[in-house]
Every structure is written in structure tokens, then in C-alpha cells.
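The file structure-v1.tsv comes next; it holds TSV, C-alpha atoms.
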```
chain	number	residue	atom	x	y	z
H	1	MET	CA	-122.23	-105.55	7.84
H	2	LEU	CA	-119.77	-103.56	5.74
H	3	LYS	CA	-117.27	-102.39	8.35
H	4	GLN	CA	-115.07	-99.35	8.84
H	5	ARG	CA	-111.32	-99.73	8.36
H	6	THR	CA	-108.19	-98.48	10.06
H	7	LEU	CA	-104.56	-99.67	10.21
H	8	LYS	CA	-103.35	-102.76	12.06
H	9	SER	CA	-100.12	-101.04	13.16
H	10	LEU	CA	-98.36	-97.71	12.83
H	11	THR	CA	-95.96	-96.84	10.02
H	12	ARG	CA	-93.63	-93.91	9.36
H	13	ALA	CA	-92.10	-92.01	6.45
H	14	VAL	CA	-89.60	-89.16	6.15
H	15	GLY	CA	-89.36	-86.80	3.19
H	16	VAL	CA	-89.52	-83.18	2.10
H	17	GLY	CA	-92.46	-80.92	1.37
H	18	LEU	CA	-92.97	-80.19	-2.33
H	19	HIS	CA	-93.58	-76.49	-1.79
H	20	SER	CA	-91.81	-75.78	1.51
H	21	GLY	CA	-88.71	-77.89	0.90
H	22	GLN	CA	-88.75	-78.69	4.64
H	23	ARG	CA	-87.81	-82.10	6.04
H	24	VAL	CA	-90.90	-83.70	7.54
H	25	GLU	CA	-91.77	-86.98	9.24
H	26	ILE	CA	-95.23	-88.49	9.28
H	27	THR	CA	-96.47	-91.31	11.49
H	28	LEU	CA	-99.67	-93.04	10.36
H	29	ARG	CA	-101.51	-94.55	13.34
H	30	PRO	CA	-104.70	-96.60	13.85
H	31	SER	CA	-107.68	-94.77	15.32
H	32	GLN	CA	-111.11	-95.62	16.75
H	33	PRO	CA	-114.30	-96.02	14.68
H	34	ASP	CA	-115.96	-92.78	13.54
H	35	THR	CA	-112.76	-90.79	14.12
H	36	GLY	CA	-112.26	-90.03	10.44
H	37	ILE	CA	-108.85	-88.95	9.20
H	38	VAL	CA	-107.15	-86.51	11.55
H	39	PHE	CA	-103.85	-84.69	10.99
H	40	ARG	CA	-101.96	-83.87	14.19
H	41	ARG	CA	-99.25	-81.18	14.20
H	42	VAL	CA	-96.96	-82.75	16.80
H	43	ASP	CA	-94.17	-80.17	16.26
H	44	LEU	CA	-96.13	-77.33	17.83
H	45	PRO	CA	-95.68	-76.40	21.52
H	46	GLN	CA	-99.21	-77.70	22.07
H	47	PRO	CA	-100.09	-80.40	19.48
H	48	VAL	CA	-103.10	-79.47	17.33
H	49	ASP	CA	-105.55	-81.99	15.84
H	50	ILE	CA	-107.02	-81.00	12.47
H	51	PRO	CA	-109.86	-83.34	11.42
H	52	VAL	CA	-110.36	-83.58	7.67
H	53	SER	CA	-113.54	-81.94	6.37
H	54	ALA	CA	-114.50	-79.88	3.34
H	55	PRO	CA	-114.88	-76.63	5.37
H	56	ALA	CA	-111.43	-77.22	6.95
H	57	VAL	CA	-109.82	-76.85	3.50
H	58	THR	CA	-108.86	-73.17	3.57
H	59	ASP	CA	-106.27	-72.82	0.79
H	60	THR	CA	-106.33	-74.48	-2.63
H	61	ARG	CA	-103.46	-72.70	-4.41
H	62	MET	CA	-101.32	-75.47	-5.96
H	63	ALA	CA	-102.43	-77.95	-3.23
H	64	SER	CA	-105.17	-78.64	-0.69
H	65	THR	CA	-104.45	-77.16	2.74
H	66	LEU	CA	-106.26	-77.87	6.01
H	67	SER	CA	-106.37	-75.28	8.78
H	68	LYS	CA	-107.53	-75.03	12.37
H	69	GLY	CA	-106.82	-71.85	14.23
H	70	GLY	CA	-103.25	-70.90	13.38
H	71	ALA	CA	-102.19	-74.46	12.51
H	72	LYS	CA	-102.24	-75.86	9.00
H	73	VAL	CA	-101.22	-78.90	6.97
H	74	GLN	CA	-100.77	-78.50	3.24
H	75	THR	CA	-100.50	-80.83	0.24
H	76	ILE	CA	-102.74	-83.47	1.79
H	77	GLU	CA	-104.29	-84.66	-1.48
H	78	HIS	CA	-101.94	-87.56	-2.37
H	79	LEU	CA	-102.22	-89.17	1.07
H	80	MET	CA	-105.99	-88.58	1.10
H	81	SER	CA	-106.21	-90.17	-2.34
H	82	ALA	CA	-104.37	-93.29	-1.12
H	83	CYS	CA	-106.72	-93.53	1.89
H	84	ALA	CA	-109.75	-93.30	-0.40
H	85	GLY	CA	-108.30	-95.84	-2.82
H	86	LEU	CA	-107.73	-98.36	-0.02
H	87	GLY	CA	-111.02	-97.64	1.76
H	88	LEU	CA	-109.47	-96.37	5.01
H	89	ASP	CA	-112.01	-94.60	7.23
H	90	ASN	CA	-110.06	-93.82	10.41
H	91	LEU	CA	-106.46	-92.69	10.75
H	92	TYR	CA	-104.25	-90.38	12.76
H	93	VAL	CA	-101.48	-88.66	10.80
H	94	ASP	CA	-98.83	-87.25	13.14
H	95	ILE	CA	-96.77	-84.70	11.22
H	96	THR	CA	-93.67	-82.71	12.24
H	97	ALA	CA	-94.07	-79.74	9.85
H	98	GLU	CA	-96.82	-77.97	7.94
H	99	GLU	CA	-96.58	-79.97	4.69
H	100	VAL	CA	-97.10	-83.67	3.91
H	101	PRO	CA	-93.93	-85.09	2.29
H	102	ILE	CA	-94.13	-85.37	-1.49
H	103	LEU	CA	-92.15	-88.67	-1.57
H	104	ASP	CA	-92.15	-89.74	-5.25
H	105	GLY	CA	-94.83	-87.25	-6.35
H	106	SER	CA	-97.63	-89.80	-6.58
H	107	ALA	CA	-99.81	-91.75	-4.14
H	108	ALA	CA	-97.88	-95.00	-4.65
H	109	SER	CA	-95.56	-94.56	-1.66
H	110	PHE	CA	-98.53	-93.87	0.63
H	111	VAL	CA	-100.34	-96.95	-0.71
H	112	PHE	CA	-97.23	-99.02	0.04
H	113	LEU	CA	-96.95	-97.60	3.57
H	114	LEU	CA	-100.62	-98.18	4.35
H	115	GLN	CA	-100.69	-101.70	2.94
H	116	SER	CA	-97.47	-102.56	4.77
H	117	ALA	CA	-99.07	-101.52	8.07
H	118	GLY	CA	-102.06	-103.71	7.24
H	119	ILE	CA	-105.76	-102.88	7.03
H	120	ALA	CA	-107.93	-103.77	10.06
H	121	LEU	CA	-111.72	-104.11	10.01
H	122	GLN	CA	-113.56	-102.38	12.88
H	123	ASN	CA	-116.81	-103.30	14.57
H	124	ALA	CA	-118.75	-100.31	13.26
H	125	PRO	CA	-120.70	-99.78	10.03
H	126	LYS	CA	-118.93	-97.99	7.19
H	127	ARG	CA	-120.79	-94.75	6.50
H	128	PHE	CA	-121.11	-93.47	2.93
H	129	LEU	CA	-122.23	-90.09	1.66
H	130	ARG	CA	-124.67	-90.96	-1.13
H	131	VAL	CA	-125.38	-88.32	-3.78
H	132	ASN	CA	-129.07	-88.26	-4.74
H	133	LYS	CA	-129.27	-85.24	-7.06
H	134	LEU	CA	-126.95	-83.65	-9.60
H	135	VAL	CA	-124.71	-80.92	-8.17
H	136	GLU	CA	-122.44	-78.89	-10.46
H	137	VAL	CA	-120.08	-75.95	-10.22
H	138	ARG	CA	-118.68	-73.98	-13.16
H	139	GLU	CA	-116.13	-71.22	-13.64
H	140	GLY	CA	-115.20	-69.13	-16.66
H	141	GLU	CA	-116.50	-69.45	-20.21
H	142	GLY	CA	-115.17	-70.23	-23.64
H	143	ALA	CA	-111.52	-71.28	-23.57
H	144	SER	CA	-111.33	-70.66	-19.81
H	145	LEU	CA	-114.34	-72.82	-18.91
H	146	LYS	CA	-113.92	-75.30	-16.03
H	147	TRP	CA	-116.57	-77.46	-14.42
H	148	ALA	CA	-117.06	-80.34	-12.01
H	149	ARG	CA	-120.18	-82.29	-11.08
H	150	LEU	CA	-121.47	-85.10	-8.90
H	151	GLU	CA	-124.40	-87.28	-9.95
H	152	PRO	CA	-126.22	-90.25	-8.42
H	153	TYR	CA	-124.52	-93.61	-9.02
H	154	ASN	CA	-124.64	-96.93	-7.18
H	155	GLY	CA	-120.89	-97.07	-6.63
H	156	TYR	CA	-118.05	-94.64	-7.18
H	157	LYS	CA	-116.72	-93.68	-10.58
H	158	LEU	CA	-114.79	-90.68	-11.86
H	159	SER	CA	-114.00	-89.19	-15.25
H	160	PHE	CA	-111.62	-86.33	-15.90
H	161	GLU	CA	-110.60	-84.38	-18.99
H	162	ILE	CA	-107.67	-81.97	-19.36
H	163	VAL	CA	-106.63	-79.47	-22.02
H	164	PHE	CA	-103.00	-78.32	-22.19
H	165	ASP	CA	-101.38	-76.46	-25.03
H	166	HIS	CA	-98.12	-78.39	-24.71
H	167	PRO	CA	-96.62	-80.99	-27.07
H	168	ALA	CA	-95.62	-83.46	-24.35
H	169	VAL	CA	-99.06	-83.41	-22.73
H	170	ASP	CA	-101.11	-83.19	-25.91
H	171	SER	CA	-99.46	-86.33	-27.28
H	172	THR	CA	-100.85	-88.38	-24.35
H	173	GLY	CA	-104.38	-89.30	-23.29
H	174	GLN	CA	-106.46	-86.27	-22.33
H	175	ARG	CA	-109.39	-88.08	-20.72
H	176	VAL	CA	-109.56	-90.94	-18.21
H	177	GLU	CA	-112.31	-92.89	-16.47
H	178	PHE	CA	-111.96	-94.90	-13.27
H	179	ASP	CA	-114.58	-97.05	-11.55
H	180	MET	CA	-113.90	-98.31	-8.03
H	181	GLY	CA	-115.98	-101.40	-8.69
H	182	ARG	CA	-114.14	-102.43	-11.85
H	183	ASP	CA	-110.61	-101.02	-11.76
H	184	SER	CA	-107.63	-101.20	-9.37
H	185	TYR	CA	-106.63	-97.93	-7.73
H	186	SER	CA	-103.17	-99.22	-6.79
H	187	ARG	CA	-102.43	-100.45	-10.29
H	188	ASP	CA	-104.26	-97.93	-12.48
H	189	ILE	CA	-104.06	-94.56	-10.67
H	190	ALA	CA	-101.73	-94.48	-7.65
H	191	ARG	CA	-98.41	-94.24	-9.54
H	192	ALA	CA	-99.30	-91.10	-11.54
H	193	ARG	CA	-96.98	-88.25	-10.54
H	194	THR	CA	-97.52	-84.54	-10.19
H	195	PHE	CA	-96.12	-82.47	-13.06
H	196	GLY	CA	-94.81	-79.03	-13.81
H	197	PHE	CA	-93.06	-76.87	-16.38
H	198	THR	CA	-89.56	-75.42	-16.14
H	199	LYS	CA	-90.91	-72.04	-17.31
H	200	ASP	CA	-93.11	-71.89	-14.18
H	201	VAL	CA	-90.49	-72.99	-11.65
H	202	GLU	CA	-88.76	-69.61	-11.25
H	203	MET	CA	-92.07	-67.84	-10.73
H	204	MET	CA	-93.26	-70.46	-8.25
H	205	ARG	CA	-90.04	-70.43	-6.24
H	206	SER	CA	-90.09	-66.64	-6.03
H	207	ASN	CA	-93.50	-67.09	-4.37
H	208	GLY	CA	-92.20	-69.71	-1.95
H	209	LEU	CA	-93.61	-72.69	-3.88
H	210	ALA	CA	-92.04	-75.85	-5.38
H	211	LEU	CA	-88.94	-75.44	-3.17
H	212	GLY	CA	-88.74	-79.22	-2.74
H	213	GLY	CA	-89.66	-80.21	-6.28
H	214	GLY	CA	-87.39	-81.96	-8.76
H	215	LEU	CA	-87.02	-84.81	-11.23
H	216	ASP	CA	-87.21	-87.40	-8.43
H	217	ASN	CA	-90.70	-86.36	-7.33
H	218	ALA	CA	-92.40	-84.80	-10.37
H	219	ILE	CA	-92.69	-84.99	-14.13
H	220	VAL	CA	-90.81	-81.93	-15.37
H	221	MET	CA	-91.19	-80.51	-18.90
H	222	ASP	CA	-89.48	-77.80	-20.89
H	223	ASP	CA	-91.29	-76.16	-23.81
H	224	TYR	CA	-91.29	-79.35	-25.86
H	225	LYS	CA	-90.66	-82.56	-23.96
H	226	VAL	CA	-90.55	-84.51	-20.71
H	227	LEU	CA	-87.12	-84.14	-19.07
H	228	ASN	CA	-87.31	-87.22	-16.79
H	229	ALA	CA	-84.93	-89.86	-18.14
H	230	GLU	CA	-87.35	-92.71	-17.40
H	231	GLY	CA	-90.25	-91.06	-19.23
H	232	LEU	CA	-93.87	-91.61	-18.20
H	233	ARG	CA	-95.28	-94.37	-15.97
H	234	TYR	CA	-98.62	-94.41	-17.84
H	235	ASP	CA	-99.41	-93.34	-21.40
H	236	ASP	CA	-101.94	-90.95	-19.87
H	237	GLU	CA	-100.07	-90.09	-16.66
H	238	PHE	CA	-100.92	-86.37	-16.75
H	239	VAL	CA	-104.69	-86.77	-16.69
H	240	LYS	CA	-104.42	-89.73	-14.31
H	241	HIS	CA	-102.61	-87.51	-11.82
H	242	LYS	CA	-105.38	-84.94	-12.03
H	243	LEU	CA	-107.87	-87.73	-11.29
H	244	LEU	CA	-105.66	-88.94	-8.41
H	245	ASP	CA	-105.78	-85.41	-6.98
H	246	ALA	CA	-109.56	-85.29	-7.40
H	247	ILE	CA	-109.99	-88.56	-5.47
H	248	GLY	CA	-107.99	-87.03	-2.61
H	249	ASP	CA	-109.79	-83.69	-2.76
H	250	LEU	CA	-113.22	-85.35	-2.75
H	251	TYR	CA	-112.32	-87.57	0.22
H	252	CYS	CA	-112.10	-84.36	2.24
H	253	VAL	CA	-115.90	-84.58	2.48
H	254	GLY	CA	-115.11	-86.94	5.37
H	255	LYS	CA	-116.74	-90.14	4.08
H	256	PRO	CA	-116.48	-92.30	0.97
H	257	LEU	CA	-118.81	-91.11	-1.77
H	258	LEU	CA	-121.44	-93.08	-3.64
H	259	ALA	CA	-121.55	-90.94	-6.74
H	260	SER	CA	-120.37	-90.33	-10.27
H	261	TYR	CA	-117.87	-87.47	-10.51
H	262	SER	CA	-116.99	-85.86	-13.83
H	263	ALA	CA	-114.82	-82.84	-14.46
H	264	PHE	CA	-113.31	-80.69	-17.18
H	265	ARG	CA	-110.10	-78.82	-16.29
H	266	SER	CA	-110.98	-78.88	-12.59
H	267	GLY	CA	-108.46	-78.48	-9.78
H	268	HIS	CA	-108.22	-78.30	-5.99
H	269	ALA	CA	-110.25	-75.09	-5.71
H	270	LEU	CA	-113.15	-76.22	-7.89
H	271	ASN	CA	-113.21	-79.68	-6.29
H	272	ASN	CA	-113.58	-78.12	-2.85
H	273	LYS	CA	-116.18	-75.69	-4.15
H	274	LEU	CA	-118.13	-78.70	-5.45
H	275	LEU	CA	-118.06	-80.38	-2.01
H	276	ARG	CA	-119.19	-77.19	-0.28
H	277	GLU	CA	-122.05	-76.78	-2.76
H	278	LEU	CA	-123.07	-80.41	-2.20
H	279	LEU	CA	-123.13	-80.02	1.59
H	280	THR	CA	-125.34	-76.90	1.40
H	281	ARG	CA	-127.89	-78.89	-0.64
H	282	GLU	CA	-129.29	-81.10	2.09
H	283	ASP	CA	-131.81	-82.62	-0.34
H	284	ALA	CA	-128.96	-83.79	-2.61
H	285	TRP	CA	-127.35	-86.35	-0.27
H	286	ASP	CA	-127.81	-88.69	2.66
H	287	ILE	CA	-125.68	-91.00	4.81
H	288	VAL	CA	-126.09	-94.75	4.26
H	289	THR	CA	-124.65	-97.99	5.67
H	290	PHE	CA	-124.89	-101.61	4.51
H	291	GLU	CA	-125.91	-104.09	7.19
H	292	ASP	CA	-125.53	-106.81	4.55
H	293	GLU	CA	-122.21	-106.24	2.83
H	294	SER	CA	-123.38	-108.26	-0.19
H	295	LEU	CA	-125.74	-105.36	-0.94
H	296	ALA	CA	-122.89	-102.82	-1.08
H	297	PRO	CA	-121.77	-101.61	-4.51
H	298	ALA	CA	-118.96	-103.54	-6.18
H	299	GLY	CA	-115.46	-102.62	-5.04
H	300	PHE	CA	-116.27	-101.72	-1.45
H	301	SER	CA	-116.74	-105.04	0.33
H	302	GLN	CA	-113.32	-106.50	-0.55
H	303	LEU	CA	-110.05	-105.20	0.87
H	304	ALA	CA	-108.08	-103.42	-1.85
H	305	ARG	CA	-106.10	-105.67	-4.13
H	306	ALA	CA	-102.32	-105.44	-3.89
H	307	TRP	CA	-100.17	-104.35	-6.82
```
Now that the file is in, can you turn its structure into C-alpha cells?
Amino acid sequence: MLKQRTLKSLTRAVGVGLHSGQRVEITLRPSQPDTGIVFRRVDLPQPVDIPVSAPAVTDTRMASTLSKGGAKVQTIEHLMSACAGLGLDNLYVDITAEEVPILDGSAASFVFLLQSAGIALQNAPKRFLRVNKLVEVREGEGASLKWARLEPYNGYKLSFEIVFDHPAVDSTGQRVEFDMGRDSYSRDIARARTFGFTKDVEMMRSNGLALGGGLDNAIVMDDYKVLNAEGLRYDDEFVKHKLLDAIGDLYCVGKPLLASYSAFRSGHALNNKLLRELLTREDAWDIVTFEDESLAPAGFSQLARAW
């Protein structure tokens, strides 16, 4: 059968939160089958477990934030994206503050950490959420239109399109497609960094955001150009980062998807709205396993390729 996956051993990382600027340590630990991905706030007087689910995402301003009671963990999307890209089903994430460290601004550092710890197969069937009917959410109209949709597909593929009125972004690729059965997450998507504009930094910091951001963990642009000395990692790094975020946001549904996702100018809020809409439509999805892994869609039966 196609089996669930966790880590072989624990691994740790220390960094700062992109928005909080706080020092934070995370410990990634193996967990039992059917646990899912669970964040554990170990810095609180009484540790709080926050299992990942679409309804647990309670704030989507600039990042995806999980909450349970008074405890929260924000900026989970890059780590969640790495877990989805490597096919990890079960994981405990012990965290010593309320924000996942930004590290280099992409998912690459998390991929490295997870692969270094090793991926272990578990004696339980991997459970997929299969989309059976089209589900779409839309916001705005005209120049402000945004939309995101999920459609049936025997596998997992994503396409994303952005529109930015900025010379540095407009000179790069505006649309990207990624298919889990054909492409390599680690090679093609994971290294794309978050990005921002100097004109927005003062406003964001006055609102307590981007306090830990800088040239070492984000692409930063003035009104005309990229300020990072090394330039871009991909010719289409901006749209690839938006797709990286979407992979992480969608993995908050709690299981790997069998679906085709497409989006135009979507973000954390619309991605979560799409998941919530999907889950309310009980006729639009079901849970499936593959007793014969040779019958699983391409890209799921093999452990993720290294760099």
C-alpha cells in the first residue's frame, strides 16, 4: 500500500520571525500515523498543541496563522509547503514563540532540515482528499478581481498567475505551472523567496509587521529594481513564491490533495476561503487510499528526489 510518512529522527533550527522579529527555535519530531501536522507551543506555562486544519487558520493578513484558544502560531506556510512537497503526513513542530522562523525566506531550509532528518514510511495507508467537483471562490471585479479554484485531477498540479505594476516584477515570468507527478518541488519551487517593497516597509513596521525582514531573508525592491546583490534565484521567482505559499496554504486542509488548483492573484486569505468552501461541499470531495501503490498518481509513490 501507499504508506504515510514521518521523520526518522528529530531536527532543530533557530531563527527569527519575519513579522515579530523574535528569536525562535523549532524542533521537528516524528509522530504516529494519523497524527497529522501538529504545532506545539512549548514556551507557554502549559504547552498547547495546535493541530493543522483549515478551520484552525484564523488570521491570513500577510501570513497564515493557526490558533487554538489563546495560543497561536503564525507564518506557517513555508514549513507547510515543504511538508507537502516532501509528502510528510505526520509531524510534531515544537516551537518556542508564536512565529515560525523565516530562515532564508523560502522553503529550501525546511526541505534541507526535513531531508537531513530522513523520511520514514509508516504502517498505515496514506489518506488523500480527492476533489470530485469544481469549487471556486472569487473576490472583487475588474482590475481588483482575484480567484482560486480546485478541480478534479488524478494527481496534484497547480498554476498561478500574478499581476504587479512594478518594473522588477513585470520583467519576470507572471505565470507558473507545477505538477507533482512531473516536476521536482525541491529543485523547481522550494528556493523561491518571499518579497516586499521598501515603500511598504515603514507602514508594515508601524503595524508590528516585517520586524525581522531584510535582504538575507526576502527579495526587497525599491520603485524600480531588486536591491539584493545576488539577484533572483529563478527567472520567475516572484510567481513561484506565490505558488510555494499556495502549496503550504492548501496543505492546511490536513491531507494531501488530489486536485488541480489554479489561481489569479490569490493569497493566504483566498486560499483558506477556498478550502473552507470545499469542506462545506460534502459532495465535492472524498477520502481515498491506495492499497496498491502502483495505482497511485505519479509523484506520490516515490520518496521526494533530493536537490
Exercise for review: Step by step: start from the point (-89.9, -91.4, -18.5) in the file's coordinates, keep every protein, DNA or RNA residue that has an atom no farther than 12 Å from it, count only C-alpha atoms, and write the set as a ChimeraX atom specification.
Suggested key: /H:168,192-193,215-216,218-221,225-235,237
Revision key, fill the gap. What separates CA of Gln46 (chain H) and CA of Val16 (chain H) is a distance of 22.9 Å
Exercise for review: Using only C-alpha atoms, find the one residue out of H:Ser67, H:Gln32, H:Ser116, H:Met1 that sits nearest to Ala13 (chain H).
Suggested key: H:Ser116
Review point. Looking at only C-alpha atoms, which of H:Lys199, H:Glu277, H:Asp188, H:Asp59 is the one that sits closest to Arg149 (chain H)?
Key: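 Closest candidate: H:Glu277.
The gap separating CA of Glu177 (chain H) from CA of Lys126 (chain H) is 25.1 Å, in Å to one decimal.
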Check your understanding: Hey, which of H:Phe264, H:His19, H:Ala190, H:Gln302 ends up closest to Ser144 (chain H)? Count all atoms listed in the file.
Key -> H:Phe264
Check your understanding: Looking at all atoms listed in the file, which of H:Val239, H:Leu250, H:Leu114, H:Leu10 is the one that sits closest to Phe164 (chain H)?
Key ->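 Using all atoms listed in the file, the shortest distance to Phe164 (chain H) belongs to H:Val239.
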Excluding Pro297 (chain H) and its own-chain neighbours fewer than 2 positions away, which residues fall within 7 Å of it when counting all atoms listed in the file? Please give them as a CSV table (one decimal) with C-alpha atoms, in the coordinates of the input.
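Saved as around26.csv:
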```csv
chain,number,residue,atom,x,y,z
H,154,ASN,CA,-124.6,-96.9,-7.2
H,155,GLY,CA,-120.9,-97.1,-6.6
H,295,LEU,CA,-125.7,-105.4,-0.9
H,299,GLY,CA,-115.5,-102.6,-5.0
H,300,PHE,CA,-116.3,-101.7,-1.4
```
Practice item. Grab the CA of Ser109 (chain H) to CA of Lys273 (chain H) distance for me, in Å with one decimal place. Key: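 Distance reported for this atom pair: 28.1 Å.
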Check your understanding: Of the residues H:Ala71, H:Val253, H:Val48, H:Ala148, which is the one nearest to Ile287 (chain H), using only C-alpha atoms?
Key -> H:Val253
Point to revise | Residues within 7 Å of (-125.4, -89.3, 1.3), counting all atoms listed in the file, listed as a ChimeraX atom specification | key: /H:128-131,285-288
Point to revise | Residue among H:Leu158, H:Leu303, H:Ala263, H:Leu18 lying closest to Arg5 (chain H), counting all atoms listed in the file | key: H:Leu303
Exercise for review: Considering all atoms listed in the file, return as a ChimeraX atom specification whatever protein or nucleic-acid residues lie within 10 Å of Gln115 (chain H), sequence-local ones (same chain, fewer than 2 positions apart) excluded.
Suggested key: /H:7-8,11,86,109-113,117-119,304-306
Output region 239-262 of chain H from the block with N, CA, C and O atoms, as a PDB file, in the first residue's frame?
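Generated file (decode_0.pdb):
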```pdb
ATOM      1  N   VAL H 239       6.433  34.789  -8.905  1.00  0.00           N
ATOM      2  CA  VAL H 239       5.226  33.961  -9.027  1.00  0.00           C
ATOM      3  C   VAL H 239       5.459  32.576  -8.437  1.00  0.00           C
ATOM      4  O   VAL H 239       4.535  31.974  -7.874  1.00  0.00           O
ATOM      5  N   LYS H 240       6.697  32.081  -8.488  1.00  0.00           N
ATOM      6  CA  LYS H 240       6.975  30.778  -7.869  1.00  0.00           C
ATOM      7  C   LYS H 240       6.815  30.851  -6.352  1.00  0.00           C
ATOM      8  O   LYS H 240       6.382  29.876  -5.722  1.00  0.00           O
ATOM      9  N   HIS H 241       7.147  32.003  -5.760  1.00  0.00           N
ATOM     10  CA  HIS H 241       6.936  32.096  -4.311  1.00  0.00           C
ATOM     11  C   HIS H 241       5.446  32.107  -3.980  1.00  0.00           C
ATOM     12  O   HIS H 241       5.030  31.521  -2.968  1.00  0.00           O
ATOM     13  N   LYS H 242       4.653  32.764  -4.794  1.00  0.00           N
ATOM     14  CA  LYS H 242       3.211  32.752  -4.550  1.00  0.00           C
ATOM     15  C   LYS H 242       2.649  31.335  -4.662  1.00  0.00           C
ATOM     16  O   LYS H 242       1.752  30.947  -3.903  1.00  0.00           O
ATOM     17  N   LEU H 243       3.194  30.543  -5.593  1.00  0.00           N
ATOM     18  CA  LEU H 243       2.771  29.148  -5.711  1.00  0.00           C
ATOM     19  C   LEU H 243       3.262  28.337  -4.520  1.00  0.00           C
ATOM     20  O   LEU H 243       2.540  27.485  -3.995  1.00  0.00           O
ATOM     21  N   LEU H 244       4.497  28.599  -4.065  1.00  0.00           N
ATOM     22  CA  LEU H 244       5.031  27.949  -2.854  1.00  0.00           C
ATOM     23  C   LEU H 244       4.106  28.210  -1.669  1.00  0.00           C
ATOM     24  O   LEU H 244       3.766  27.285  -0.914  1.00  0.00           O
ATOM     25  N   ASP H 245       3.687  29.463  -1.500  1.00  0.00           N
ATOM     26  CA  ASP H 245       2.751  29.802  -0.427  1.00  0.00           C
ATOM     27  C   ASP H 245       1.444  29.026  -0.574  1.00  0.00           C
ATOM     28  O   ASP H 245       0.883  28.526   0.411  1.00  0.00           O
ATOM     29  N   ALA H 246       0.940  28.957  -1.808  1.00  0.00           N
ATOM     30  CA  ALA H 246      -0.337  28.272  -2.038  1.00  0.00           C
ATOM     31  C   ALA H 246      -0.242  26.794  -1.675  1.00  0.00           C
ATOM     32  O   ALA H 246      -1.176  26.239  -1.080  1.00  0.00           O
ATOM     33  N   ILE H 247       0.885  26.144  -1.991  1.00  0.00           N
ATOM     34  CA  ILE H 247       1.066  24.736  -1.618  1.00  0.00           C
ATOM     35  C   ILE H 247       0.979  24.586  -0.104  1.00  0.00           C
ATOM     36  O   ILE H 247       0.342  23.660   0.407  1.00  0.00           O
ATOM     37  N   GLY H 248       1.611  25.503   0.626  1.00  0.00           N
ATOM     38  CA  GLY H 248       1.548  25.460   2.085  1.00  0.00           C
ATOM     39  C   GLY H 248       0.164  25.760   2.623  1.00  0.00           C
ATOM     40  O   GLY H 248      -0.326  25.077   3.533  1.00  0.00           O
ATOM     41  N   ASP H 249      -0.494  26.772   2.055  1.00  0.00           N
ATOM     42  CA  ASP H 249      -1.848  27.116   2.496  1.00  0.00           C
ATOM     43  C   ASP H 249      -2.811  25.955   2.269  1.00  0.00           C
ATOM     44  O   ASP H 249      -3.642  25.640   3.133  1.00  0.00           O
ATOM     45  N   LEU H 250      -2.716  25.319   1.102  1.00  0.00           N
ATOM     46  CA  LEU H 250      -3.646  24.241   0.771  1.00  0.00           C
ATOM     47  C   LEU H 250      -3.404  22.994   1.610  1.00  0.00           C
ATOM     48  O   LEU H 250      -4.334  22.225   1.869  1.00  0.00           O
ATOM     49  N   TYR H 251      -2.156  22.800   2.066  1.00  0.00           N
ATOM     50  CA  TYR H 251      -1.867  21.626   2.903  1.00  0.00           C
ATOM     51  C   TYR H 251      -2.511  21.750   4.277  1.00  0.00           C
ATOM     52  O   TYR H 251      -2.596  20.765   5.019  1.00  0.00           O
ATOM     53  N   CYS H 252      -3.005  22.938   4.593  1.00  0.00           N
ATOM     54  CA  CYS H 252      -3.734  23.126   5.851  1.00  0.00           C
ATOM     55  C   CYS H 252      -5.077  22.400   5.842  1.00  0.00           C
ATOM     56  O   CYS H 252      -5.748  22.346   6.881  1.00  0.00           O
ATOM     57  N   VAL H 253      -5.471  21.827   4.714  1.00  0.00           N
ATOM     58  CA  VAL H 253      -6.691  21.019   4.699  1.00  0.00           C
ATOM     59  C   VAL H 253      -6.489  19.739   5.512  1.00  0.00           C
ATOM     60  O   VAL H 253      -7.449  19.076   5.898  1.00  0.00           O
ATOM     61  N   GLY H 254      -5.215  19.395   5.778  1.00  0.00           N
ATOM     62  CA  GLY H 254      -4.915  18.282   6.676  1.00  0.00           C
ATOM     63  C   GLY H 254      -4.508  16.995   5.990  1.00  0.00           C
ATOM     64  O   GLY H 254      -4.048  16.059   6.656  1.00  0.00           O
ATOM     65  N   LYS H 255      -4.659  16.939   4.674  1.00  0.00           N
ATOM     66  CA  LYS H 255      -4.261  15.765   3.895  1.00  0.00           C
ATOM     67  C   LYS H 255      -3.767  16.225   2.527  1.00  0.00           C
ATOM     68  O   LYS H 255      -4.162  17.293   2.060  1.00  0.00           O
ATOM     69  N   PRO H 256      -2.928  15.422   1.874  1.00  0.00           N
ATOM     70  CA  PRO H 256      -2.527  15.782   0.513  1.00  0.00           C
ATOM     71  C   PRO H 256      -3.740  15.780  -0.413  1.00  0.00           C
ATOM     72  O   PRO H 256      -4.636  14.936  -0.283  1.00  0.00           O
ATOM     73  N   LEU H 257      -3.769  16.714  -1.330  1.00  0.00           N
ATOM     74  CA  LEU H 257      -4.876  16.841  -2.263  1.00  0.00           C
ATOM     75  C   LEU H 257      -4.622  16.042  -3.537  1.00  0.00           C
ATOM     76  O   LEU H 257      -3.491  15.954  -4.012  1.00  0.00           O
ATOM     77  N   LEU H 258      -5.681  15.485  -4.090  1.00  0.00           N
ATOM     78  CA  LEU H 258      -5.695  15.019  -5.470  1.00  0.00           C
ATOM     79  C   LEU H 258      -6.610  15.982  -6.212  1.00  0.00           C
ATOM     80  O   LEU H 258      -7.843  15.906  -6.111  1.00  0.00           O
ATOM     81  N   ALA H 259      -5.997  16.925  -6.906  1.00  0.00           N
ATOM     82  CA  ALA H 259      -6.773  18.022  -7.483  1.00  0.00           C
ATOM     83  C   ALA H 259      -5.898  18.844  -8.408  1.00  0.00           C
ATOM     84  O   ALA H 259      -4.667  18.749  -8.383  1.00  0.00           O
ATOM     85  N   SER H 260      -6.550  19.671  -9.200  1.00  0.00           N
ATOM     86  CA  SER H 260      -5.881  20.725  -9.962  1.00  0.00           C
ATOM     87  C   SER H 260      -6.289  22.056  -9.355  1.00  0.00           C
ATOM     88  O   SER H 260      -7.481  22.367  -9.254  1.00  0.00           O
ATOM     89  N   TYR H 261      -5.294  22.816  -8.919  1.00  0.00           N
ATOM     90  CA  TYR H 261      -5.519  24.143  -8.334  1.00  0.00           C
ATOM     91  C   TYR H 261      -5.072  25.187  -9.348  1.00  0.00           C
ATOM     92  O   TYR H 261      -3.991  25.069  -9.940  1.00  0.00           O
ATOM     93  N   SER H 262      -5.882  26.198  -9.554  1.00  0.00           N
ATOM     94  CA  SER H 262      -5.473  27.329 -10.380  1.00  0.00           C
ATOM     95  C   SER H 262      -5.935  28.612  -9.704  1.00  0.00           C
ATOM     96  O   SER H 262      -6.968  28.630  -9.024  1.00  0.00           O
TER      97      SER H 262
END
```
